[in-house]
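The structure file work-v6.cif is reproduced below (mmCIF, C-alpha atoms).
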```cif
data_model
loop_
_atom_site.group_PDB
_atom_site.id
_atom_site.type_symbol
_atom_site.label_atom_id
_atom_site.label_comp_id
_atom_site.auth_asym_id
_atom_site.auth_seq_id
_atom_site.Cartn_x
_atom_site.Cartn_y
_atom_site.Cartn_z
ATOM 1 C CA MET C 1 0.000 0.000 0.000
ATOM 2 C CA GLY C 2 1.507 3.363 -0.975
ATOM 3 C CA LYS C 3 2.368 6.031 1.520
ATOM 4 C CA ARG C 4 1.960 9.749 0.952
ATOM 5 C CA VAL C 5 3.883 12.099 3.220
ATOM 6 C CA VAL C 6 3.146 15.822 3.303
ATOM 7 C CA VAL C 7 4.845 18.093 5.835
ATOM 8 C CA LEU C 8 4.131 21.805 5.996
ATOM 9 C CA ALA C 9 6.777 22.801 8.518
ATOM 10 C CA VAL C 10 10.203 21.450 9.349
ATOM 11 C CA LEU C 11 11.916 22.055 12.672
ATOM 12 C CA ALA C 12 15.453 20.902 11.914
ATOM 13 C CA GLY C 13 17.584 19.157 9.358
ATOM 14 C CA CYS C 14 20.432 19.751 6.924
ATOM 15 C CA GLY C 15 18.820 22.979 5.801
ATOM 16 C CA VAL C 16 15.447 24.686 5.894
ATOM 17 C CA ASP C 17 13.810 23.507 2.673
ATOM 18 C CA ASP C 18 10.327 22.793 1.359
ATOM 19 C CA LEU C 19 9.793 19.105 2.002
ATOM 20 C CA GLY C 20 7.535 18.268 -0.918
ATOM 21 C CA THR C 21 5.721 14.978 -1.210
ATOM 22 C CA THR C 22 6.474 11.355 -1.961
ATOM 23 C CA GLU C 23 4.373 8.623 -3.479
ATOM 24 C CA GLN C 24 6.937 5.855 -2.875
ATOM 25 C CA ALA C 25 5.370 2.482 -2.032
ATOM 26 C CA LEU C 26 7.452 2.221 1.128
ATOM 27 C CA GLY C 27 5.103 -0.159 2.929
ATOM 28 C CA SER C 28 5.901 -2.995 0.551
ATOM 29 C CA PHE C 29 9.482 -3.462 1.781
ATOM 30 C CA VAL C 30 10.403 -6.306 4.141
ATOM 31 C CA LEU C 31 13.560 -7.069 6.101
ATOM 32 C CA PRO C 32 14.543 -10.611 5.031
ATOM 33 C CA ASP C 33 14.707 -13.227 7.798
ATOM 34 C CA LEU C 34 16.502 -16.124 6.131
ATOM 35 C CA THR C 35 18.636 -19.072 7.111
ATOM 36 C CA ALA C 36 22.309 -19.122 6.174
ATOM 37 C CA THR C 37 21.492 -21.548 3.373
ATOM 38 C CA GLU C 38 18.765 -19.287 1.998
ATOM 39 C CA ARG C 39 21.056 -16.252 2.181
ATOM 40 C CA ALA C 40 23.849 -18.141 0.427
ATOM 41 C CA ALA C 41 21.542 -19.129 -2.433
ATOM 42 C CA ILE C 42 20.902 -15.424 -3.067
ATOM 43 C CA VAL C 43 24.404 -14.105 -2.386
ATOM 44 C CA HIS C 44 26.121 -16.585 -4.701
ATOM 45 C CA ARG C 45 24.099 -15.326 -7.661
ATOM 46 C CA TYR C 46 25.866 -11.987 -7.197
ATOM 47 C CA ASP C 47 29.430 -13.269 -6.781
ATOM 48 C CA ALA C 48 30.712 -11.106 -9.633
ATOM 49 C CA LEU C 49 30.065 -7.943 -7.606
ATOM 50 C CA ASP C 50 33.004 -6.125 -5.978
ATOM 51 C CA PRO C 51 35.770 -8.337 -7.427
ATOM 52 C CA THR C 52 38.508 -6.508 -5.477
ATOM 53 C CA ASP C 53 36.658 -6.721 -2.135
ATOM 54 C CA LEU C 54 36.403 -3.005 -1.368
ATOM 55 C CA VAL C 55 33.085 -3.225 0.489
ATOM 56 C CA PRO C 56 32.925 -4.896 3.925
ATOM 57 C CA ARG C 57 31.641 -8.351 3.017
ATOM 58 C CA GLY C 58 28.880 -8.575 5.609
ATOM 59 C CA LEU C 59 27.379 -5.220 4.603
ATOM 60 C CA LEU C 60 27.587 -6.093 0.918
ATOM 61 C CA GLU C 61 25.696 -9.334 1.529
ATOM 62 C CA ASP C 62 23.052 -7.534 3.605
ATOM 63 C CA ALA C 63 22.474 -5.125 0.726
ATOM 64 C CA ILE C 64 22.393 -7.919 -1.863
ATOM 65 C CA VAL C 65 19.847 -9.962 0.075
ATOM 66 C CA TYR C 66 17.620 -6.953 0.821
ATOM 67 C CA PHE C 67 17.797 -5.876 -2.821
ATOM 68 C CA ASP C 68 17.007 -9.348 -4.139
ATOM 69 C CA VAL C 69 14.030 -9.974 -1.852
ATOM 70 C CA ASN C 70 12.564 -6.488 -2.406
ATOM 71 C CA GLN C 71 13.560 -5.855 -6.004
ATOM 72 C CA ALA C 72 9.950 -5.829 -7.234
ATOM 73 C CA SER C 73 9.553 -2.642 -5.149
ATOM 74 C CA ILE C 74 12.839 -1.004 -6.212
ATOM 75 C CA PRO C 75 12.320 1.168 -9.311
ATOM 76 C CA LYS C 76 15.993 1.617 -10.236
ATOM 77 C CA GLN C 77 18.195 -1.470 -10.206
ATOM 78 C CA HIS C 78 21.483 -0.398 -11.763
ATOM 79 C CA TYR C 79 23.223 0.604 -8.525
ATOM 80 C CA VAL C 80 23.219 -0.080 -4.800
ATOM 81 C CA ALA C 81 25.064 2.231 -2.393
ATOM 82 C CA ILE C 82 26.506 1.136 0.960
ATOM 83 C CA ALA C 83 27.858 3.279 3.827
ATOM 84 C CA ASP C 84 29.845 1.860 6.760
ATOM 85 C CA PHE C 85 29.623 4.323 9.638
ATOM 86 C CA SER C 86 31.803 2.209 11.894
ATOM 87 C CA ARG C 87 34.813 3.603 10.012
ATOM 88 C CA TYR C 88 36.727 6.808 10.704
ATOM 89 C CA SER C 89 35.414 9.690 8.610
ATOM 90 C CA GLY C 90 38.791 10.163 6.924
ATOM 91 C CA LYS C 91 38.539 6.726 5.324
ATOM 92 C CA ASP C 92 36.554 5.700 2.287
ATOM 93 C CA ARG C 93 33.307 4.379 3.742
ATOM 94 C CA TYR C 94 30.696 4.948 1.034
ATOM 95 C CA TRP C 95 30.621 2.630 -1.960
ATOM 96 C CA LEU C 96 28.557 2.699 -5.138
ATOM 97 C CA VAL C 97 28.146 -0.836 -6.493
ATOM 98 C CA ASP C 98 27.315 -1.243 -10.164
ATOM 99 C CA LEU C 99 24.986 -4.245 -10.362
ATOM 100 C CA GLU C 100 25.503 -4.617 -14.109
ATOM 101 C CA THR C 101 29.315 -4.592 -14.279
ATOM 102 C CA GLY C 102 30.242 -5.511 -10.702
ATOM 103 C CA ALA C 103 32.489 -2.431 -10.393
ATOM 104 C CA VAL C 104 32.688 -0.413 -7.161
ATOM 105 C CA GLU C 105 33.433 3.277 -6.522
ATOM 106 C CA ALA C 106 34.754 4.296 -3.082
ATOM 107 C CA HIS C 107 34.164 7.742 -1.552
ATOM 108 C CA LYS C 108 34.109 9.714 1.685
ATOM 109 C CA VAL C 109 30.813 10.556 3.388
ATOM 110 C CA ALA C 110 30.049 12.777 6.385
ATOM 111 C CA HIS C 111 27.976 11.877 9.433
ATOM 112 C CA GLY C 112 25.935 14.145 11.703
ATOM 113 C CA ASP C 113 27.368 16.300 14.473
ATOM 114 C CA GLY C 114 24.800 14.754 16.824
ATOM 115 C CA THR C 115 26.237 11.366 15.943
ATOM 116 C CA ASP C 116 29.777 12.545 16.738
ATOM 117 C CA PRO C 117 29.359 15.014 19.641
ATOM 118 C CA ASP C 118 33.043 14.907 20.637
ATOM 119 C CA ASN C 119 34.046 15.660 17.037
ATOM 120 C CA ASP C 120 36.719 12.959 16.797
ATOM 121 C CA GLY C 121 35.746 11.606 13.371
ATOM 122 C CA TYR C 122 33.931 8.536 14.687
ATOM 123 C CA ALA C 123 30.165 8.028 14.659
ATOM 124 C CA ASP C 124 29.040 7.086 18.170
ATOM 125 C CA SER C 125 25.261 7.580 18.335
ATOM 126 C CA PHE C 126 22.499 7.244 15.778
ATOM 127 C CA GLY C 127 18.882 8.321 15.878
ATOM 128 C CA ASN C 128 15.599 8.891 14.086
ATOM 129 C CA THR C 129 14.442 11.929 16.048
ATOM 130 C CA ASP C 130 13.860 15.394 14.645
ATOM 131 C CA GLY C 131 16.338 17.972 15.912
ATOM 132 C CA SER C 132 18.939 15.408 17.003
ATOM 133 C CA HIS C 133 21.333 16.075 14.085
ATOM 134 C CA MET C 134 22.040 12.342 14.192
ATOM 135 C CA THR C 135 22.686 10.150 11.198
ATOM 136 C CA SER C 136 20.181 7.313 10.863
ATOM 137 C CA LEU C 137 21.103 3.722 10.079
ATOM 138 C CA GLY C 138 19.090 1.419 7.842
ATOM 139 C CA PHE C 139 17.904 0.914 4.287
ATOM 140 C CA TYR C 140 16.861 3.927 2.217
ATOM 141 C CA LEU C 141 15.167 4.454 -1.104
ATOM 142 C CA THR C 142 16.444 7.497 -2.950
ATOM 143 C CA GLY C 143 14.004 10.239 -3.845
ATOM 144 C CA GLU C 144 13.846 13.289 -6.082
ATOM 145 C CA ILE C 145 16.518 15.904 -6.772
ATOM 146 C CA TYR C 146 15.778 19.429 -5.560
ATOM 147 C CA ASP C 147 17.566 22.720 -4.895
ATOM 148 C CA GLY C 148 17.430 23.848 -1.304
ATOM 149 C CA THR C 149 20.058 25.084 1.119
ATOM 150 C CA HIS C 150 22.419 22.882 -0.884
ATOM 151 C CA VAL C 151 21.901 22.830 -4.641
ATOM 152 C CA HIS C 152 21.240 19.505 -6.345
ATOM 153 C CA SER C 153 20.280 17.695 -3.138
ATOM 154 C CA MET C 154 18.442 14.364 -3.138
ATOM 155 C CA ARG C 155 15.606 13.297 -0.847
ATOM 156 C CA LEU C 156 15.862 10.025 1.056
ATOM 157 C CA ASP C 157 12.997 7.825 2.278
ATOM 158 C CA GLY C 158 13.806 5.546 5.193
ATOM 159 C CA LEU C 159 12.697 1.909 5.025
ATOM 160 C CA SER C 160 13.804 0.721 8.487
ATOM 161 C CA PRO C 161 11.337 1.358 11.336
ATOM 162 C CA ASP C 162 12.269 1.899 14.972
ATOM 163 C CA GLN C 163 13.253 -1.293 16.813
ATOM 164 C CA SER C 164 14.902 -2.744 13.714
ATOM 165 C CA PRO C 165 18.037 -4.814 14.447
ATOM 166 C CA ASN C 166 21.513 -3.260 14.739
ATOM 167 C CA GLY C 167 20.115 0.133 15.698
ATOM 168 C CA MET C 168 18.512 0.704 12.310
ATOM 169 C CA ALA C 169 15.772 3.350 12.394
ATOM 170 C CA ASN C 170 15.329 5.919 9.628
ATOM 171 C CA THR C 171 11.645 6.270 8.738
ATOM 172 C CA ASN C 172 11.728 9.962 9.741
ATOM 173 C CA ALA C 173 14.443 10.746 7.201
ATOM 174 C CA ARG C 174 12.202 12.768 4.885
ATOM 175 C CA PRO C 175 10.479 14.904 7.521
ATOM 176 C CA ARG C 176 13.860 15.405 9.252
ATOM 177 C CA LEU C 177 15.353 16.587 5.944
ATOM 178 C CA ILE C 178 17.986 13.871 6.036
ATOM 179 C CA VAL C 179 19.120 14.000 2.424
ATOM 180 C CA MET C 180 22.181 13.499 0.253
ATOM 181 C CA HIS C 181 23.956 16.739 -0.656
ATOM 182 C CA GLU C 182 27.342 18.209 -1.462
ATOM 183 C CA ALA C 183 29.460 19.806 1.276
ATOM 184 C CA SER C 184 32.743 21.701 1.137
ATOM 185 C CA TYR C 185 33.830 19.952 4.350
ATOM 186 C CA VAL C 186 34.003 16.559 2.602
ATOM 187 C CA ASP C 187 37.060 15.908 0.419
ATOM 188 C CA ASP C 188 37.711 12.557 -1.230
ATOM 189 C CA GLY C 189 41.408 13.413 -1.478
ATOM 190 C CA ASN C 190 41.779 14.119 2.244
ATOM 191 C CA SER C 191 42.462 11.168 4.572
ATOM 192 C CA SER C 192 42.151 13.232 7.744
ATOM 193 C CA GLN C 193 38.936 13.872 9.639
ATOM 194 C CA GLN C 194 36.044 15.157 7.555
ATOM 195 C CA GLY C 195 33.501 17.744 8.640
ATOM 196 C CA ARG C 196 30.098 16.916 10.085
ATOM 197 C CA SER C 197 26.595 17.416 8.710
ATOM 198 C CA ASN C 198 23.262 17.824 10.502
ATOM 199 C CA GLY C 199 22.695 14.104 9.958
ATOM 200 C CA CYS C 200 22.751 14.059 6.159
ATOM 201 C CA LEU C 201 24.859 11.898 3.862
ATOM 202 C CA ALA C 202 27.159 14.679 2.653
ATOM 203 C CA LEU C 203 29.588 14.029 -0.206
ATOM 204 C CA ASP C 204 32.554 15.734 -1.856
ATOM 205 C CA PRO C 205 31.148 18.417 -4.216
ATOM 206 C CA SER C 206 33.313 17.072 -7.042
ATOM 207 C CA ILE C 207 31.443 13.754 -7.120
ATOM 208 C CA GLU C 208 28.028 14.564 -5.669
ATOM 209 C CA VAL C 209 26.344 15.613 -8.919
ATOM 210 C CA SER C 210 27.459 12.493 -10.759
ATOM 211 C CA MET C 211 26.447 10.326 -7.813
ATOM 212 C CA VAL C 212 22.974 11.790 -7.388
ATOM 213 C CA ASP C 213 22.297 11.853 -11.126
ATOM 214 C CA ARG C 214 22.825 8.087 -11.256
ATOM 215 C CA ILE C 215 20.833 6.965 -8.224
ATOM 216 C CA HIS C 216 17.966 9.442 -7.678
ATOM 217 C CA ASP C 217 14.308 8.371 -7.638
ATOM 218 C CA GLY C 218 14.346 4.753 -6.608
ATOM 219 C CA SER C 219 17.792 3.280 -5.848
ATOM 220 C CA LEU C 220 18.682 1.399 -2.669
ATOM 221 C CA ILE C 221 21.124 2.795 -0.078
ATOM 222 C CA TYR C 222 22.216 0.858 3.011
ATOM 223 C CA ALA C 223 23.831 2.635 5.983
ATOM 224 C CA ALA C 224 25.110 0.455 8.816
ATOM 225 C CA THR C 225 27.853 -0.166 11.351
ATOM 226 C CA SER C 226 27.700 -3.965 11.444
ATOM 227 C CA ALA C 227 26.279 -6.820 9.407
ATOM 228 C CA LEU C 228 22.849 -8.291 10.094
ATOM 229 C CA ALA C 229 24.159 -11.851 9.702
ATOM 230 C CA PRO C 230 27.534 -13.590 9.456
ATOM 231 C CA PRO C 231 28.782 -13.369 5.872
ATOM 232 C CA VAL C 232 28.479 -16.562 3.855
ATOM 233 C CA GLY C 233 31.245 -15.583 1.448
ATOM 234 C CA ARG C 234 31.582 -16.317 -2.224
ATOM 235 C CA ALA C 235 30.752 -19.667 -3.772
ATOM 236 C CA ALA C 236 33.435 -22.294 -3.095
ATOM 237 C CA CYS C 237 34.574 -24.901 -5.590
ATOM 238 C CA GLY C 238 34.007 -28.373 -4.223
ATOM 239 C CA ASP C 239 30.765 -27.703 -2.377
ATOM 240 C CA GLY C 240 28.775 -29.714 -4.918
ATOM 241 C CA VAL C 241 26.860 -26.712 -6.292
ATOM 242 C CA CYS C 242 27.714 -24.928 -9.525
ATOM 243 C CA ASP C 243 27.009 -21.336 -8.569
ATOM 244 C CA GLY C 244 28.550 -17.895 -8.279
ATOM 245 C CA VAL C 245 31.115 -17.354 -11.044
ATOM 246 C CA GLU C 246 32.025 -21.044 -11.231
ATOM 247 C CA THR C 247 32.230 -22.570 -14.704
ATOM 248 C CA THR C 248 33.002 -25.997 -16.124
ATOM 249 C CA ALA C 249 36.560 -24.762 -16.667
ATOM 250 C CA SER C 250 37.148 -23.151 -13.262
ATOM 251 C CA CYS C 251 35.327 -25.793 -11.212
ATOM 252 C CA PRO C 252 34.608 -29.030 -13.103
ATOM 253 C CA ALA C 253 33.962 -30.830 -9.798
ATOM 254 C CA ASP C 254 30.807 -28.761 -9.285
ATOM 255 C CA CYS C 255 29.829 -27.844 -12.820
ATOM 256 C CA ILE C 256 30.214 -31.044 -14.850
ATOM 257 C CA SER C 257 27.610 -33.716 -14.276
ATOM 258 C CA GLY C 258 28.924 -37.143 -13.444
ATOM 259 C CA ASP C 259 25.904 -38.892 -14.960
ATOM 260 C CA PRO C 260 26.102 -40.227 -18.528
ATOM 261 C CA PRO C 261 23.713 -38.674 -21.064
ATOM 262 C CA GLY C 262 20.171 -40.012 -20.816
ATOM 263 C CA ASP C 263 20.753 -41.566 -17.382
ATOM 264 C CA ASP C 264 18.943 -38.892 -15.378
ATOM 265 C CA PRO C 265 16.127 -40.583 -13.440
ATOM 266 C CA GLY C 266 14.117 -37.383 -13.560
ATOM 267 C CA GLY C 267 14.325 -37.222 -17.332
ATOM 268 C CA ASP C 268 16.144 -33.825 -17.328
ATOM 269 C CA SER C 269 17.365 -33.173 -20.863
ATOM 270 C CA ASP C 270 20.392 -31.317 -19.432
ATOM 271 C CA ALA C 271 21.753 -34.378 -17.635
ATOM 272 C CA GLY C 272 25.208 -35.413 -18.708
ATOM 273 C CA SER C 273 25.916 -32.118 -20.448
ATOM 274 C CA THR C 274 28.800 -29.784 -19.620
ATOM 275 C CA SER C 275 26.391 -27.027 -18.673
ATOM 276 C CA ASP C 276 24.747 -27.000 -15.273
ATOM 277 C CA PRO C 277 20.974 -26.251 -15.379
ATOM 278 C CA ALA C 278 21.535 -23.434 -12.878
ATOM 279 C CA GLY C 279 23.490 -21.491 -15.459
ATOM 280 C CA CYS C 280 27.146 -22.578 -15.384
ATOM 281 C CA ALA C 281 29.071 -22.033 -18.598
ATOM 282 C CA ALA C 282 30.014 -24.815 -20.952
ATOM 283 C CA GLY C 283 33.656 -24.898 -21.958
ATOM 284 C CA GLY C 284 36.021 -21.981 -22.366
ATOM 285 C CA GLY C 285 35.596 -20.480 -18.897
ATOM 286 C CA GLY C 286 37.243 -17.093 -18.870
ATOM 287 C CA SER C 287 36.580 -14.342 -16.355
ATOM 288 C CA GLY C 288 34.502 -12.286 -18.786
ATOM 289 C CA LEU C 289 32.133 -15.152 -19.498
ATOM 290 C CA GLY C 290 31.899 -16.015 -15.821
ATOM 291 C CA LEU C 291 31.005 -12.407 -14.990
ATOM 292 C CA THR C 292 28.315 -12.303 -17.649
ATOM 293 C CA LEU C 293 26.697 -15.512 -16.444
ATOM 294 C CA ALA C 294 26.836 -14.525 -12.798
ATOM 295 C CA LEU C 295 25.168 -11.217 -13.542
ATOM 296 C CA VAL C 296 22.296 -12.864 -15.421
ATOM 297 C CA GLY C 297 20.676 -13.569 -12.062
ATOM 298 C CA LEU C 298 20.621 -9.905 -11.073
ATOM 299 C CA ARG C 299 17.310 -9.281 -12.825
ATOM 300 C CA ARG C 300 15.585 -12.396 -11.499
ATOM 301 C CA ARG C 301 12.597 -11.564 -9.375
ATOM 302 C CA ARG C 302 12.380 -14.761 -7.403
ATOM 303 C CA ARG C 303 12.784 -15.236 -3.704
ATOM 304 C CA VAL C 304 14.705 -18.037 -2.074
ATOM 305 C CA GLY C 305 13.084 -19.503 0.993
ATOM 306 C CA PRO C 306 10.442 -17.966 3.190
ATOM 307 C CA VAL C 307 10.441 -14.263 3.969
ATOM 308 C CA ARG C 308 9.103 -13.421 7.336
#
```

Rewrite the structure from the file as structure tokens, please.
Amino acid sequence: MGKRVVVLAVLAGCGVDDLGTTEQALGSFVLPDLTATERAAIVHRYDALDPTDLVPRGLLEDAIVYFDVNQASIPKQHYVAIADFSRYSGKDRYWLVDLETGAVEAHKVAHGDGTDPDNDGYADSFGNTDGSHMTSLGFYLTGEIYDGTHVHSMRLDGLSPDQSPNGMANTNARPRLIVMHEASYVDDGNSSQQGRSNGCLALDPSIEVSMVDRIHDGSLIYAATSALAPPVGRAACGDGVCDGVETTASCPADCISGDPPGDDPGGDSDAGSTSDPAGCAAGGGGSGLGLTLALVGLRRRRRVGPVR
């Protein structure tokens, strides 16, 4: 069921701006509650993402699983952004993950002064309360671009209600004016402490326009300090399942059937072939082919296991 939010007055935020309205179907999102096996079945379909392991693995898997389970409600599916607020503000801690190529961009991002009251560069407290100047943790859906106190800002709609695990609570993001905007106190080239916002996700002005132009109006952002579940890791050769970026060349033990042709008791026409029914490549191998096949699953709209 859609949700319409209209606010006529705003008490505090990252600037005094007209809030506007949203028609995002925010009520349709669910926080997946899956077993490790169910999570792994999803995660391994996205093994081609982040090939150089820039993003903390647990947070990447959280974002993948949430995206996969809720993708019917996510309008834009080219990118997912992840922020790790457990890191010092002088370190790269915001990543844009390209779901089509697997590539990752790393950037700096500011947190709120209410989240870092001693101004030491570390985020200590998070909140969902108006006037707190705290950054909020949780899953967000990006909104529209607008010009306010900061030009070319982007609205954010929080998807994580109060009492969510790991301190996630951000459903007041829009009325609090927690947005993404540029800020002169954030510098991607500076490894020392960054400045603080009023709770917003503030980026280096040199990259903010490009960032917002790619993800506005319906992309997923995940802000966290710790993973919701232990990471399952990438698919492993020898586990008996041809998944992830495994191919008949890279992992014949998993991807080549041991049954002779026509000997499948279930009558599967793929039995005995060099191509696994789940999508493993036949012959050749090669990293480019493996990437292409692994990314085929990114547009699938199926869920693995029960969602509670």

Considering only C-alpha atoms, return as a list of chain:residue names whatever protein or nucleic-acid residues lie within 12 Å of Glu208 (chain C), sequence-local ones (same chain, fewer than 3 positions apart) excluded. C:Leu96, C:His107, C:Lys108, C:Val109, C:Ile145, C:His150, C:Val151, C:His152, C:Ser153, C:Met154, C:Met180, C:His181, C:Glu182, C:Ala183, C:Ser184, C:Val186, C:Asp187, C:Asp188, C:Leu201, C:Ala202, C:Leu203, C:Asp204, C:Pro205, C:Met211, C:Val212, C:Asp213, C:Arg214, C:Ile215, C:His216

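Taken over the whole file, the PyMOL selection byres ((chain C and resi 79) around 8) covers exactly Lys76, Gln77, His78, Val80, Ala81, Leu96, Val97, Asp98, Leu99, Glu100, Arg214, Ile215, Ser219 and Leu220 of chain C.
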
Margin query: Which residues are close to Gly244 (chain C), i.e. within 7 Å by all atoms listed in the file, leaving aside same-chain residues fewer than 6 positions away? Reply as a ChimeraX atom specification.
Written below: /C:44-47,234-235,294

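CA of Asp113 (chain C) to CA of Arg196 (chain C) spans 5.2 Å [interatomic distance, one decimal].
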
_Near-Phe139 (chain C) list (10 Å; all atoms listed in the file; drop same-chain fewer than 5 positions) as number ranges by chain_ = C: 29, 31, 62-63, 66-67, 81-82, 156-161, 168-171, 220-224

From the list C:Arg93, C:Arg57, C:Arg155, C:His111, the nearest residue to Tyr185 (chain C) using all atoms listed in the file is C:His111

(Q) For this structure, which residues satisfy the selection - the PyMOL selection byres ((chain C and resi 112) around 7) - when it is evaluated on the file as given? I want them as a PyMOL selection string. (A) chain C and resi 110-111+113-116+133-135+196-200

Please produce an output containing C-alpha atoms for each residue in the selection, written as a tab-separated table (two decimals), in the frame of the given file.
```tsv
chain	number	residue	atom	x	y	z
C	110	ALA	CA	30.05	12.78	6.38
C	111	HIS	CA	27.98	11.88	9.43
C	113	ASP	CA	27.37	16.30	14.47
C	114	GLY	CA	24.80	14.75	16.82
C	115	THR	CA	26.24	11.37	15.94
C	116	ASP	CA	29.78	12.54	16.74
C	133	HIS	CA	21.33	16.08	14.08
C	134	MET	CA	22.04	12.34	14.19
C	135	THR	CA	22.69	10.15	11.20
C	196	ARG	CA	30.10	16.92	10.09
C	197	SER	CA	26.60	17.42	8.71
C	198	ASN	CA	23.26	17.82	10.50
C	199	GLY	CA	22.70	14.10	9.96
C	200	CYS	CA	22.75	14.06	6.16
```

Quick check on the file I pasted: which residues fall under the PyMOL selection byres ((chain C and resi 241) around 12)? Write them as number ranges by chain. C: 40-41, 44-45, 235-240, 242-248, 251-257, 276-280

Give me, as a count of residues only, all polymer residues having an atom no more than 7 Å from Gly90 (chain C), counting only C-alpha atoms and skipping those fewer than 4 positions away in the same chain.
5

Enclosing box along x, y and z for every listed atom of region 109-126 of chain C, padded 6 Å each side, centre and size in Å, one decimal, as AutoDock Vina command-line options:
```
--center_x 29.6 --center_y 11.7 --center_z 12.0 --size_x 26.2 --size_y 21.2 --size_z 29.2
```

Using all atoms listed in the file, the residue out of C:Ser132, C:Ser206, C:Ser164, C:Thr37 with shortest distance to Leu177 (chain C) is C:Ser132

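The space separating CA of Thr142 (chain C) from CA of Gly233 (chain C) comes to 27.8 Å.
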
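Our summary of the geometry notes that CA of Ala72 (chain C) is positioned 26.5 Å from CA of Asn128 (chain C).
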
In file coordinates, which residues lie within 10 Å of (35.5, -7.9, -7.6) using only C-alpha atoms, given as a PDB file with C-alpha atoms, in the frame of the given file?
```pdb
ATOM      1  CA  ASP C  47      29.430 -13.269  -6.781  1.00  0.00           C
ATOM      2  CA  ALA C  48      30.712 -11.106  -9.633  1.00  0.00           C
ATOM      3  CA  LEU C  49      30.065  -7.943  -7.606  1.00  0.00           C
ATOM      4  CA  ASP C  50      33.004  -6.125  -5.978  1.00  0.00           C
ATOM      5  CA  PRO C  51      35.770  -8.337  -7.427  1.00  0.00           C
ATOM      6  CA  THR C  52      38.508  -6.508  -5.477  1.00  0.00           C
ATOM      7  CA  ASP C  53      36.658  -6.721  -2.135  1.00  0.00           C
ATOM      8  CA  LEU C  54      36.403  -3.005  -1.368  1.00  0.00           C
ATOM      9  CA  VAL C  55      33.085  -3.225   0.489  1.00  0.00           C
ATOM     10  CA  THR C 101      29.315  -4.592 -14.279  1.00  0.00           C
ATOM     11  CA  GLY C 102      30.242  -5.511 -10.702  1.00  0.00           C
ATOM     12  CA  ALA C 103      32.489  -2.431 -10.393  1.00  0.00           C
ATOM     13  CA  VAL C 104      32.688  -0.413  -7.161  1.00  0.00           C
ATOM     14  CA  LEU C 291      31.005 -12.407 -14.990  1.00  0.00           C
TER      15      LEU C 291
END
```
